[in-house]
Structure formats: C-alpha cells, structure tokens
file protein29.pdb (PDB, C-alpha atoms and all ligand atoms)
ATOM      1  CA  MET A   3     111.028  78.436 155.539
ATOM      2  CA  THR A   4     107.775  79.249 157.153
ATOM      3  CA  LEU A   5     105.452  79.925 154.246
ATOM      4  CA  LYS A   6     105.158  78.163 150.927
ATOM      5  CA  ILE A   7     103.682  80.160 148.058
ATOM      6  CA  GLU A   8     102.228  79.080 144.732
ATOM      7  CA  ILE A   9     100.924  81.610 142.226
ATOM      8  CA  VAL A  10      97.984  80.560 140.047
ATOM      9  CA  PRO A  11      97.215  83.088 137.288
ATOM     10  CA  VAL A  12      93.431  83.119 136.754
ATOM     11  CA  THR A  13      90.845  84.784 134.513
ATOM     12  CA  PRO A  14      91.447  86.361 131.073
ATOM     13  CA  PHE A  15      93.310  89.125 132.983
ATOM     14  CA  ALA A  16      95.950  86.613 134.207
ATOM     15  CA  GLN A  17      95.414  87.745 137.764
ATOM     16  CA  ASN A  18      97.958  86.280 140.212
ATOM     17  CA  SER A  19      95.880  84.381 142.711
ATOM     18  CA  SER A  20      98.209  82.994 145.399
ATOM     19  CA  ILE A  21      98.040  79.978 147.661
ATOM     20  CA  VAL A  22      99.889  80.834 150.863
ATOM     21  CA  MET A  23     100.562  77.828 153.075
ATOM     22  CA  CYS A  24     101.968  77.548 156.598
ATOM     23  CA  GLU A  25     104.587  74.823 156.213
ATOM     24  CA  GLU A  26     104.129  73.545 159.773
ATOM     25  CA  THR A  27     100.367  73.081 159.742
ATOM     26  CA  LYS A  28      99.716  72.880 155.963
ATOM     27  CA  GLU A  29      96.887  75.362 156.456
ATOM     28  CA  ALA A  30      96.580  77.791 153.566
ATOM     29  CA  ALA A  31      94.872  81.010 152.563
ATOM     30  CA  VAL A  32      93.927  81.803 148.994
ATOM     31  CA  VAL A  33      94.703  85.411 148.103
ATOM     32  CA  ASP A  34      92.348  86.920 145.496
ATOM     33  CA  PRO A  35      90.589  83.934 143.904
ATOM     34  CA  GLY A  36      89.346  85.818 140.862
ATOM     35  CA  GLY A  37      88.027  82.720 139.102
ATOM     36  CA  GLU A  38      88.967  79.237 137.889
ATOM     37  CA  VAL A  39      88.338  77.997 141.388
ATOM     38  CA  ASP A  40      88.784  74.318 140.481
ATOM     39  CA  ARG A  41      92.313  75.024 139.249
ATOM     40  CA  ILE A  42      93.125  76.768 142.523
ATOM     41  CA  ILE A  43      91.755  73.854 144.541
ATOM     42  CA  ALA A  44      93.735  71.350 142.440
ATOM     43  CA  GLN A  45      96.945  73.350 142.925
ATOM     44  CA  ALA A  46      96.387  73.454 146.681
ATOM     45  CA  GLU A  47      95.876  69.698 146.726
ATOM     46  CA  SER A  48      99.118  69.155 144.825
ATOM     47  CA  MET A  49     100.915  71.203 147.516
ATOM     48  CA  GLY A  50      99.322  69.114 150.259
ATOM     49  CA  ALA A  51      97.608  72.284 151.502
ATOM     50  CA  LYS A  52      94.328  72.506 153.361
ATOM     51  CA  ILE A  53      92.634  75.774 152.378
ATOM     52  CA  THR A  54      91.174  77.383 155.490
ATOM     53  CA  LYS A  55      90.346  80.924 154.382
ATOM     54  CA  ILE A  56      90.064  83.436 151.554
ATOM     55  CA  ILE A  57      91.804  86.783 151.884
ATOM     56  CA  LEU A  58      91.114  89.674 149.530
ATOM     57  CA  THR A  59      93.161  92.718 148.562
ATOM     58  CA  HIS A  60      90.251  94.455 146.835
ATOM     59  CA  ALA A  61      86.988  93.650 145.112
ATOM     60  CA  HIS A  62      87.614  94.086 141.386
ATOM     61  CA  ILE A  63      86.196  91.114 139.518
ATOM     62  CA  ASP A  64      89.506  89.614 138.405
ATOM     63  CA  HIS A  65      90.454  89.401 142.105
ATOM     64  CA  ALA A  66      87.098  88.636 143.714
ATOM     65  CA  GLY A  67      85.084  86.883 140.992
ATOM     66  CA  GLY A  68      85.652  83.386 142.399
ATOM     67  CA  VAL A  69      85.205  84.251 146.077
ATOM     68  CA  ALA A  70      81.548  83.235 146.482
ATOM     69  CA  ASP A  71      82.102  79.999 144.544
ATOM     70  CA  LEU A  72      85.250  78.979 146.462
ATOM     71  CA  ALA A  73      83.776  79.980 149.827
ATOM     72  CA  ARG A  74      80.709  77.842 149.200
ATOM     73  CA  LYS A  75      82.615  74.820 147.870
ATOM     74  CA  LEU A  76      84.971  74.572 150.847
ATOM     75  CA  SER A  77      82.911  76.413 153.515
ATOM     76  CA  LEU A  78      85.589  79.074 153.924
ATOM     77  CA  PRO A  79      85.546  82.366 155.805
ATOM     78  CA  ILE A  80      86.318  85.519 153.796
ATOM     79  CA  GLU A  81      88.653  88.159 155.264
ATOM     80  CA  GLY A  82      89.031  91.551 153.599
ATOM     81  CA  PRO A  83      89.152  93.866 151.922
ATOM     82  CA  GLN A  84      88.649  97.107 153.866
ATOM     83  CA  GLU A  85      84.992  98.110 154.104
ATOM     84  CA  LYS A  86      85.220 101.002 151.615
ATOM     85  CA  ASP A  87      85.287  98.366 148.832
ATOM     86  CA  GLN A  88      81.707  97.298 149.649
ATOM     87  CA  PHE A  89      80.428  99.136 146.552
ATOM     88  CA  TRP A  90      82.721  97.051 144.342
ATOM     89  CA  ILE A  91      81.472  93.826 145.969
ATOM     90  CA  SER A  92      77.882  94.952 145.378
ATOM     91  CA  ALA A  93      78.772  95.672 141.744
ATOM     92  CA  LEU A  94      80.249  92.206 141.018
ATOM     93  CA  PRO A  95      77.225  91.089 138.942
ATOM     94  CA  GLN A  96      77.529  94.236 136.763
ATOM     95  CA  GLN A  97      81.308  93.817 136.567
ATOM     96  CA  SER A  98      80.828  90.249 135.310
ATOM     97  CA  GLN A  99      78.449  91.417 132.576
ATOM     98  CA  MET A 100      80.754  94.223 131.537
ATOM     99  CA  PHE A 101      83.838  92.001 131.199
ATOM    100  CA  GLY A 102      82.068  88.893 129.891
ATOM    101  CA  PHE A 103      82.802  86.807 132.983
ATOM    102  CA  PRO A 104      80.512  83.911 133.844
ATOM    103  CA  ASN A 105      77.818  84.972 136.267
ATOM    104  CA  VAL A 106      79.528  86.089 139.445
ATOM    105  CA  GLU A 107      77.784  86.273 142.788
ATOM    106  CA  THR A 108      78.233  88.878 145.425
ATOM    107  CA  PHE A 109      79.225  87.871 148.985
ATOM    108  CA  THR A 110      79.591  89.252 152.482
ATOM    109  CA  PRO A 111      83.053  89.191 154.065
ATOM    110  CA  ASP A 112      83.141  87.503 157.468
ATOM    111  CA  ARG A 113      85.691  90.100 158.532
ATOM    112  CA  TRP A 114      86.484  93.538 157.141
ATOM    113  CA  LEU A 115      90.166  94.396 157.512
ATOM    114  CA  ASN A 116      91.768  97.629 158.632
ATOM    115  CA  ASP A 117      95.261  99.052 158.786
ATOM    116  CA  GLY A 118      97.242  97.304 161.520
ATOM    117  CA  ASP A 119      95.092  94.168 161.603
ATOM    118  CA  GLU A 120      96.619  90.713 161.497
ATOM    119  CA  VAL A 121      95.533  87.698 159.483
ATOM    120  CA  THR A 122      96.632  84.247 160.614
ATOM    121  CA  ILE A 123      97.446  81.277 158.386
ATOM    122  CA  GLY A 124      98.228  78.276 160.575
ATOM    123  CA  ASN A 125     101.119  79.421 162.794
ATOM    124  CA  GLN A 126     101.993  82.393 160.593
ATOM    125  CA  THR A 127     100.783  85.981 160.709
ATOM    126  CA  LEU A 128     100.295  88.459 157.893
ATOM    127  CA  ASN A 129     100.128  92.170 158.633
ATOM    128  CA  VAL A 130      97.358  94.170 156.992
ATOM    129  CA  ILE A 131      98.242  97.527 155.446
ATOM    130  CA  HIS A 132      95.457  99.766 154.129
ATOM    131  CA  THR A 133      96.635 101.135 150.772
ATOM    132  CA  PRO A 134      93.850 103.221 149.166
ATOM    133  CA  GLY A 135      94.152 104.763 145.716
ATOM    134  CA  HIS A 136      93.404 102.026 143.156
ATOM    135  CA  THR A 137      90.276 101.266 145.175
ATOM    136  CA  PRO A 138      89.373 102.984 148.463
ATOM    137  CA  GLY A 139      89.320  99.732 150.450
ATOM    138  CA  HIS A 140      92.462  98.116 149.008
ATOM    139  CA  VAL A 141      94.713  96.288 151.477
ATOM    140  CA  VAL A 142      98.158  94.681 151.238
ATOM    141  CA  PHE A 143      99.216  91.524 153.104
ATOM    142  CA  TYR A 144     102.767  91.545 154.466
ATOM    143  CA  HIS A 145     104.712  88.610 155.922
ATOM    144  CA  GLN A 146     107.653  90.005 157.811
ATOM    145  CA  ASN A 147     109.665  86.786 158.291
ATOM    146  CA  SER A 148     109.718  85.950 154.594
ATOM    147  CA  LYS A 149     110.065  89.596 153.514
ATOM    148  CA  LEU A 150     107.115  89.095 151.210
ATOM    149  CA  ALA A 151     104.068  91.224 150.382
ATOM    150  CA  PHE A 152     100.912  90.547 148.372
ATOM    151  CA  VAL A 153     100.086  93.928 146.912
ATOM    152  CA  GLY A 154      97.129  93.345 144.573
ATOM    153  CA  ASP A 155      96.846  96.188 142.068
ATOM    154  CA  VAL A 156      98.747  98.821 144.066
ATOM    155  CA  ILE A 157     102.123  98.411 142.343
ATOM    156  CA  PHE A 158     103.536  96.252 139.555
ATOM    157  CA  GLN A 159     106.993  95.727 138.113
ATOM    158  CA  GLY A 160     107.495  99.053 136.314
ATOM    159  CA  SER A 161     103.963 100.338 136.806
ATOM    160  CA  ILE A 162     101.248 101.192 139.330
ATOM    161  CA  GLY A 163      97.521 100.525 139.604
ATOM    162  CA  ARG A 164      94.939 102.238 137.412
ATOM    163  CA  THR A 165      93.125 105.168 138.952
ATOM    164  CA  ASP A 166      90.462 105.821 136.310
ATOM    165  CA  PHE A 167      87.741 104.022 138.310
ATOM    166  CA  PRO A 168      85.036 105.494 140.542
ATOM    167  CA  GLN A 169      86.564 106.444 143.926
ATOM    168  CA  SER A 170      90.119 105.879 142.665
ATOM    169  CA  ASN A 171      92.668 108.545 143.556
ATOM    170  CA  HIS A 172      96.081 108.823 141.915
ATOM    171  CA  GLN A 173      97.751 110.878 144.642
ATOM    172  CA  GLU A 174      96.424 108.563 147.348
ATOM    173  CA  LEU A 175      97.864 105.609 145.450
ATOM    174  CA  VAL A 176     101.287 107.230 145.135
ATOM    175  CA  ASP A 177     101.189 108.142 148.837
ATOM    176  CA  SER A 178     100.240 104.556 149.763
ATOM    177  CA  ILE A 179     103.253 103.224 147.853
ATOM    178  CA  ARG A 180     105.784 105.786 149.051
ATOM    179  CA  ASN A 181     104.634 106.142 152.640
ATOM    180  CA  LYS A 182     103.374 102.667 153.502
ATOM    181  CA  LEU A 183     105.058 100.116 151.197
ATOM    182  CA  PHE A 184     108.534 101.457 150.415
ATOM    183  CA  PRO A 185     109.337 101.973 154.127
ATOM    184  CA  LEU A 186     108.945  98.194 154.659
ATOM    185  CA  GLY A 187     112.373  97.831 153.059
ATOM    186  CA  ASP A 188     114.202  97.580 149.754
ATOM    187  CA  ASP A 189     114.626  93.822 150.154
ATOM    188  CA  ILE A 190     110.898  93.057 150.327
ATOM    189  CA  THR A 191     109.696  90.938 147.408
ATOM    190  CA  PHE A 192     106.146  91.606 146.303
ATOM    191  CA  VAL A 193     103.611  89.518 144.395
ATOM    192  CA  PRO A 194     101.499  91.915 142.316
ATOM    193  CA  GLY A 195      98.032  91.197 140.962
ATOM    194  CA  HIS A 196      99.434  90.912 137.439
ATOM    195  CA  GLY A 197     102.827  90.135 135.942
ATOM    196  CA  PRO A 198     106.144  89.188 137.524
ATOM    197  CA  THR A 199     107.282  89.700 141.100
ATOM    198  CA  SER A 200     109.696  92.499 141.986
ATOM    199  CA  THR A 201     111.159  94.164 145.067
ATOM    200  CA  PHE A 202     110.362  97.535 146.602
ATOM    201  CA  GLY A 203     114.041  98.462 146.196
ATOM    202  CA  GLN A 204     113.984  97.800 142.464
ATOM    203  CA  GLU A 205     110.775  99.816 142.008
ATOM    204  CA  LYS A 206     112.152 102.678 144.099
ATOM    205  CA  GLU A 207     115.046 102.815 141.630
ATOM    206  CA  THR A 208     113.310 102.210 138.331
ATOM    207  CA  ASN A 209     109.523 102.608 138.502
ATOM    208  CA  PRO A 210     108.674 105.758 136.489
ATOM    209  CA  PHE A 211     105.491 106.419 138.516
ATOM    210  CA  VAL A 212     106.939 106.289 142.014
ATOM    211  CA  GLY A 213     110.676 105.862 141.596
ATOM    212  CA  GLY A 214     113.588 108.238 141.608
ATOM    213  CA  ARG A 215     114.207 110.827 144.265
ATOM    214  CA  ALA A 216     111.160 112.938 143.425
ATOM    215  CA  GLY A 217     109.277 113.917 146.525
TER     216      GLY A 217
HETATM  217 ZN    ZN B 301      91.989  96.090 140.518
END
call {"tool": "encode", "arguments": {"input": "protein29.pdb", "output": "structure tokens", "more": "lines below"}}
Ligand SMILES: [Zn+2]
result
Amino acid sequence: MTLKIEIVPVTPFAQNSSIVMCEETKEAAVVDPGGEVDRIIAQAESMGAKITKIILTHAHIDHAGGVADLARKLSLPIEGPQEKDQFWISALPQQSQMFGFPNVETFTPDRWLNDGDEVTIGNQTLNVIHTPGHTPGHVVFYHQNSKLAFVGDVIFQGSIGRTDFPQSNHQELVDSIRNKLFPLGDDITFVPGHGPTSTFGQEKETNPFVGGRAG
C-alpha cells in the first residue's frame, strides 16, 4: 500500500471529504474540506497523518466551505480547482447564505490546476484531469498505483453531477466521463462527492446517464 484513505462526510450535504495520506511519510492532503474542519483534523490525527495541503475538485460550498478555515488553522497551501471555478469561489459568501451555512470566507488558491498537472502528497503523485460540466473548473484527482480516483461531483454510483447551475453543461459532463474517466479503466475505484464508492466498470454497465453502449 502506498496511500491510506479516510473519508469524512461533512456538512448537511454529507459531502465526502477525504484524507489522503502517503504511508511512507505520513504527509496527507485533504480533498474538499467542505466544513466541520475540526472533525477532519481529529480524523487526521487519529491516522497519525500530518496534513500538508488542501486539494479541491471544485468550489461549490459543500466542497470548499471549510477551505479558508482549515488553511488558516494549519497554514496550508491550497491547490485547485481549475481557474474557471473562480466565480464560484467569489460566490462562497452568497452560497453560504443561500444554504444556511455558517459564514464562509472566500480564499485564493496558491496553485490553479490544469489537465495533465501533478499533485504530490509525500512520495506519491496524483494526476489532475480537467473534467468540466458540473462546474467549468472541475478537476479529478487520480492515483494510478492504487487505481483510485477522487471525482467530486462528476459521477456518483448510479448518477452524475447536476448541470442546472450557471456555466454547467450537461453534454460537457457526459463527455468528461466517457472520454476522460472511463478510459482510465474498468477496475478504477472512485470516491464521489456524495454517497458510496463505485468503479468506472460498474458505472459503464449500469449508470443510466452514461452507461450502456450508447455513443
Ligand atoms: Zn458540486
């Protein structure tokens, strides 16, 4: 094993924040700390992990609402999402009002991510895949050795991300899944932003939005 993963569902949306730790160095990234930052920190401590960065799939509040708080508490750099999600980061205060979240601050990523970039966690490397559709700047983090992907709100077990938001695009989302995620392999397990994990192979077979042999 090279990576150890713990999923911490946070916020009233039960968003799957993940702690992703390099087993050799114990360094860890937090994927999508949407809130309940103290719970995430406590979980990392119980793993013996030292959190060294925050990585973000996209900037909806249930994924990004705890970023400013966690970054400040542990002096962490923020990597991601892709720059086209800037308008969602700017809108975090309005998003928090709309959904009744405690006051959420905006932030500035230390590094915007693009397709083909790499993110390091200790001795391990995640590949960055730009997957627009749910939001224009959505990215997926893929760890080849463990055949594992963190896909945010691109695809779920039996469903796909909503596209009724500003700058969402249903066809782009379907194309991202079929052309960028499914080719990674049927045996890739993914951690979605909500609900249980699945594999790309299972979704290819059974997901009514992107499955089957339809073109
Ligand atoms: Zn979302």
call {"tool": "residues_near_point", "arguments": {"input": "protein29.pdb", "point": "(113.5, 93.0, 149.8)", "cutoff": "7 Å", "atoms": "all atoms listed in the file", "output": "PDB file with C-alpha atoms, keeping the file's coordinate frame"}}
result
ATOM      1  CA  LYS A 149     110.065  89.596 153.514  1.00  0.00           C
ATOM      2  CA  GLY A 187     112.373  97.831 153.059  1.00  0.00           C
ATOM      3  CA  ASP A 188     114.202  97.580 149.754  1.00  0.00           C
ATOM      4  CA  ASP A 189     114.626  93.822 150.154  1.00  0.00           C
ATOM      5  CA  ILE A 190     110.898  93.057 150.327  1.00  0.00           C
ATOM      6  CA  THR A 191     109.696  90.938 147.408  1.00  0.00           C
ATOM      7  CA  THR A 201     111.159  94.164 145.067  1.00  0.00           C
ATOM      8  CA  PHE A 202     110.362  97.535 146.602  1.00  0.00           C
ATOM      9  CA  GLY A 203     114.041  98.462 146.196  1.00  0.00           C
TER      10      GLY A 203
END
call {"tool": "atom_distance", "arguments": {"input": "protein29.pdb", "atom1": "CA of Asp166 in chain A", "atom2": "CA of Lys182 in chain A"}}
result
21.7 Å
call {"tool": "resolve_selection", "arguments": {"input": "protein29.pdb", "expression": "the PyMOL selection byres (((not hetatm)) within 9 of (chain B and resi 301))", "output": "PyMOL selection string"}}
result
chain A and resi 59-65+136-137+140+154-156+163-164+195
call {"tool": "residues_around", "arguments": {"input": "protein29.pdb", "residues": "range 18-29 of chain A", "least_positions_apart": "4", "cutoff": "8 Å", "atoms": "only C-alpha atoms", "output": "VMD selection string"}}
result
chain A and resid 3 to 12 33 to 36 42 46 50 to 54 65 123 to 126 193 to 197
call {"tool": "atom_distance", "arguments": {"input": "protein29.pdb", "atom1": "CA of Leu150 in chain A", "atom2": "CA of Val212 in chain A"}}
result
19.5 Å
call {"tool": "resolve_selection", "arguments": {"input": "protein29.pdb", "expression": "the PyMOL selection byres (((chain A and resi 144) around 6) and not hetatm)", "output": "MDAnalysis selection string"}}
result
chainID A and resid 128:129 143 145 150:151
call {"tool": "write_last_selection", "arguments": {"input": "protein29.pdb", "atoms": "C-alpha atoms", "output": "PDB file, in the coordinates of the input"}}
result
ATOM      1  CA  LEU A 128     100.295  88.459 157.893  1.00  0.00           C
ATOM      2  CA  ASN A 129     100.128  92.170 158.633  1.00  0.00           C
ATOM      3  CA  PHE A 143      99.216  91.524 153.104  1.00  0.00           C
ATOM      4  CA  HIS A 145     104.712  88.610 155.922  1.00  0.00           C
ATOM      5  CA  LEU A 150     107.115  89.095 151.210  1.00  0.00           C
ATOM      6  CA  ALA A 151     104.068  91.224 150.382  1.00  0.00           C
TER       7      ALA A 151
END
call {"tool": "closest_residue", "arguments": {"input": "protein29.pdb", "among": "A:Leu72, A:Ile56, A:Glu38, A:Met49", "to": "Phe103 in chain A", "atoms": "all atoms listed in the file"}}
result
A:Glu38
call {"tool": "resolve_selection", "arguments": {"input": "protein29.pdb", "expression": "the PyMOL selection byres (((chain A and resi 107) around 8) and not hetatm)", "output": "PyMOL selection string"}}
result
chain A and resi 67+70-71+94-95+105-106+108-109
call {"tool": "atom_distance", "arguments": {"input": "protein29.pdb", "atom1": "CA of Asn116 in chain A", "atom2": "CA of Gln169 in chain A"}}
result
17.9 Å
call {"tool": "closest_residue", "arguments": {"input": "protein29.pdb", "among": "A:Val39, A:Ala44, A:Leu58, A:Leu76", "to": "Val142 in chain A", "atoms": "all atoms listed in the file"}}
result
A:Leu58
